[in-house]
Amino acid sequence: MFDFFNELSPVLQALIATIFTWGVTMLGASIVFFFKEVKKGIMDALLGFSAGVMIAASFWSLLSPAIDMANSMKMISWLVVFLGFFSGGLLLFLGDKLYDFLQNRNKKRITASKSSKIKRCLMLVFSITLHNIPEGLVVGVAFGSLAYSLEGSTLASSLTLALGIGLQNFPEGSAVSLPLRREGMSRKKAFFYGQLSGVVEPIAAVVGAILVLHIQSLLPFLLAFAAGAMIYVVVEELIPESQSNQKKDLMALFTLIGFSVMMILDVALG
């Protein structure tokens, strides 16, 4: 089965990988059918592990290949990588500001009724969806770059990257569906809105893979862009949330484990 997947085009590989990440979002949202709450420690451990995977992938699977490819194309590597990396983080920063603006405007218009609480929960769907777009692009760029046989860019590392993003999608799905259920929405509707945030990832992944395959000169920038987007998500969301746990040291250990797993795959198999 692995050989069959390896023979597929990078676009199809990216699509399948992000259907998996979307599926994990669905799995997280489906918690609403079985539980009212999920143990915080489990969620934080998943977030910590995913943070470690994404930090390691940012360098070995994205930044390092971006530098190598920029050098081979006679580009000013440090400038291209900086522009891509900063642009990736800046996009999510602007997305956060847009979300804050819409949320504040929404608060001024509505009262503290049940409908207002549901509207605030739906704003959470928008926020998570916004963050899932660059995550889908990250996976698409990673698989698209396999076509160029870059050092550090392997099928195993790309699959592990998709796994890491998928794991951190699990808490995101439940973080939407559970609050909606608590506000009185039916389980089916709460599940629908919970999984909805992940549907953009396969679309973004296909776009990212196609861009990489058809515009080779963009690859160093896109690889660095994906790295910047991931680091922003890790620093702004994953690590702070995992460290809100009382067992901060244990959550930090899960981050180290995630980093080590991705590092070993990239270095040993790259």
# chains A, B, ... in the order shown; residues from 1 in each chain; ligands from 1
$ residues_around --residues "Asn6 of chain A" --least-positions-apart "6" --cutoff "12 Å" --atoms "only C-alpha atoms" --output "ChimeraX atom specification"
/A:12-14,16,143,146-147,154-156,158-159
$ write_last_selection --atoms "C-alpha atoms" --output "PDB file, in the first residue's frame"
ATOM      1  CA  LEU A  12      -2.959  13.261  -5.153  1.00  0.00           C
ATOM      2  CA  GLN A  13      -0.617  12.507  -2.249  1.00  0.00           C
ATOM      3  CA  ALA A  14      -1.294  15.944  -0.775  1.00  0.00           C
ATOM      4  CA  ILE A  16      -5.090  12.113   0.451  1.00  0.00           C
ATOM      5  CA  PHE A 143       4.363  16.850  -1.063  1.00  0.00           C
ATOM      6  CA  LEU A 146       9.028  15.722  -3.454  1.00  0.00           C
ATOM      7  CA  ALA A 147       9.006  16.034  -7.244  1.00  0.00           C
ATOM      8  CA  THR A 154      11.165  12.780   1.808  1.00  0.00           C
ATOM      9  CA  LEU A 155       7.841  10.991   1.644  1.00  0.00           C
ATOM     10  CA  ALA A 156       8.257   9.838   5.240  1.00  0.00           C
ATOM     11  CA  SER A 158       5.889  14.704   4.514  1.00  0.00           C
ATOM     12  CA  LEU A 159       3.638  11.986   5.929  1.00  0.00           C
TER      13      LEU A 159
END
$ closest_atom_pairs --of "segment 190-245 of chain A" --to "segment 41-53 of chain A" --cutoff "7 Å" --atoms "only C-alpha atoms" --output "Markdown table"
| residue | atom | partner | partner_atom | distance |
| --- | --- | --- | --- | --- |
| A:Val234 | CA | A:Ala51 | CA | 5.5 |
| A:Leu238 | CA | A:Leu47 | CA | 5.5 |
| A:Ile239 | CA | A:Gly48 | CA | 6.2 |
| A:Glu241 | CA | A:Asp44 | CA | 6.8 |
| A:Ser242 | CA | A:Asp44 | CA | 4.3 |
| A:Asn245 | CA | A:Gly41 | CA | 6.8 |
$ closest_residue --among "A:Ser197, A:Asn169, A:Ser174, A:Thr160" --to "Lys39 of chain A" --atoms "only C-alpha atoms"
A:Ser174
$ closest_residue --among "A:Gly173, A:Tyr232, A:Lys248, A:Ile257" --to "Leu94 of chain A" --atoms "only C-alpha atoms"
A:Tyr232
$ closest_residue --among "A:Phe225, A:Tyr148, A:Phe93, A:Phe191" --to "Gly28 of chain A" --atoms "only C-alpha atoms"
A:Phe191
$ residues_around --residues "segment 65-80 of chain A" --least-positions-apart "3" --cutoff "6 Å" --atoms "only C-alpha atoms" --output "list in words"
Leu62, Leu83, Pro220, Phe221 and Leu223 of chain A
$ residues_around --residues "Val199 of chain A" --least-positions-apart "4" --cutoff "8 Å" --atoms "only C-alpha atoms" --output "VMD selection string"
chain A and resid 22 195 203
$ closest_residue --among "A:Pro202, A:Pro10, A:Gly23, A:Gly84" --to "His214 of chain A" --atoms "only C-alpha atoms"
A:Pro10
$ select_by_dssp --residues "segment 40-237 of chain A" --states "alpha helix (DSSP H)" --output "count of residues only"
159
$ residues_around --residues "Ala205 of chain A" --least-positions-apart "3" --cutoff "8 Å" --atoms "only C-alpha atoms" --output "MDAnalysis selection string"
chainID A and resid 11 14:15 18 136:141 201:202 208:209
$ write_last_selection --atoms "C-alpha atoms" --output "mmCIF file, in the first residue's frame"
data_model
loop_
_atom_site.group_PDB
_atom_site.id
_atom_site.type_symbol
_atom_site.label_atom_id
_atom_site.label_comp_id
_atom_site.auth_asym_id
_atom_site.auth_seq_id
_atom_site.Cartn_x
_atom_site.Cartn_y
_atom_site.Cartn_z
ATOM 1 C CA VAL A 11 -1.065 16.471 -5.908
ATOM 2 C CA ALA A 14 -1.294 15.944 -0.775
ATOM 3 C CA LEU A 15 -5.042 15.499 -1.282
ATOM 4 C CA THR A 18 -5.150 16.333 3.980
ATOM 5 C CA GLY A 136 -3.248 22.761 4.140
ATOM 6 C CA LEU A 137 -0.802 24.767 2.019
ATOM 7 C CA VAL A 138 2.044 23.463 4.187
ATOM 8 C CA VAL A 139 1.139 19.863 3.395
ATOM 9 C CA GLY A 140 0.637 20.638 -0.298
ATOM 10 C CA VAL A 141 4.020 22.355 -0.557
ATOM 11 C CA GLU A 201 -7.222 21.813 4.188
ATOM 12 C CA PRO A 202 -7.578 19.426 1.193
ATOM 13 C CA GLY A 208 -0.087 24.422 -2.804
ATOM 14 C CA ALA A 209 1.068 21.267 -4.600
#
$ closest_residue --among "A:Asp3, A:Gly164, A:Ile55, A:Ser145" --to "Leu222 of chain A" --atoms "only C-alpha atoms"
A:Ser145
$ closest_residue --among "A:Ala224, A:Glu236, A:Ile231, A:Gly198" --to "Phe82 of chain A" --atoms "only C-alpha atoms"
A:Ala224
$ residues_around --residues "segment 175-181 of chain A" --least-positions-apart "2" --cutoff "6 Å" --atoms "only C-alpha atoms" --output "PyMOL selection string"
chain A and resi 29+32+171-173+183-185+190-191+194
$ write_last_selection --atoms "C-alpha atoms" --output "short mmCIF file (atom, residue, chain, number, x, y, z; two decimals), in the first residue's frame"
data_model
loop_
_atom_site.label_atom_id
_atom_site.label_comp_id
_atom_site.auth_asym_id
_atom_site.auth_seq_id
_atom_site.Cartn_x
_atom_site.Cartn_y
_atom_site.Cartn_z
CA ALA A 29 -15.72 16.95 16.47
CA VAL A 32 -19.71 15.58 21.00
CA PRO A 171 -8.48 19.27 19.72
CA GLU A 172 -9.59 21.91 17.23
CA GLY A 173 -12.57 19.85 16.12
CA GLU A 183 -24.95 26.21 24.22
CA GLY A 184 -27.88 24.00 23.26
CA MET A 185 -27.13 23.13 19.63
CA ALA A 190 -22.41 20.78 16.60
CA PHE A 191 -20.52 17.97 14.83
CA GLY A 194 -16.86 21.23 14.25
#
$ atom_distance --atom1 "atom CA of Met26 of chain A" --atom2 "atom CA of Phe170 of chain A"
7.7 Å
$ atom_distance --atom1 "atom CA of Ile165 of chain A" --atom2 "atom CA of Ala17 of chain A"
10.1 Å
$ atom_distance --atom1 "atom CA of Ser87 of chain A" --atom2 "atom CA of Ser64 of chain A"
17.1 Å
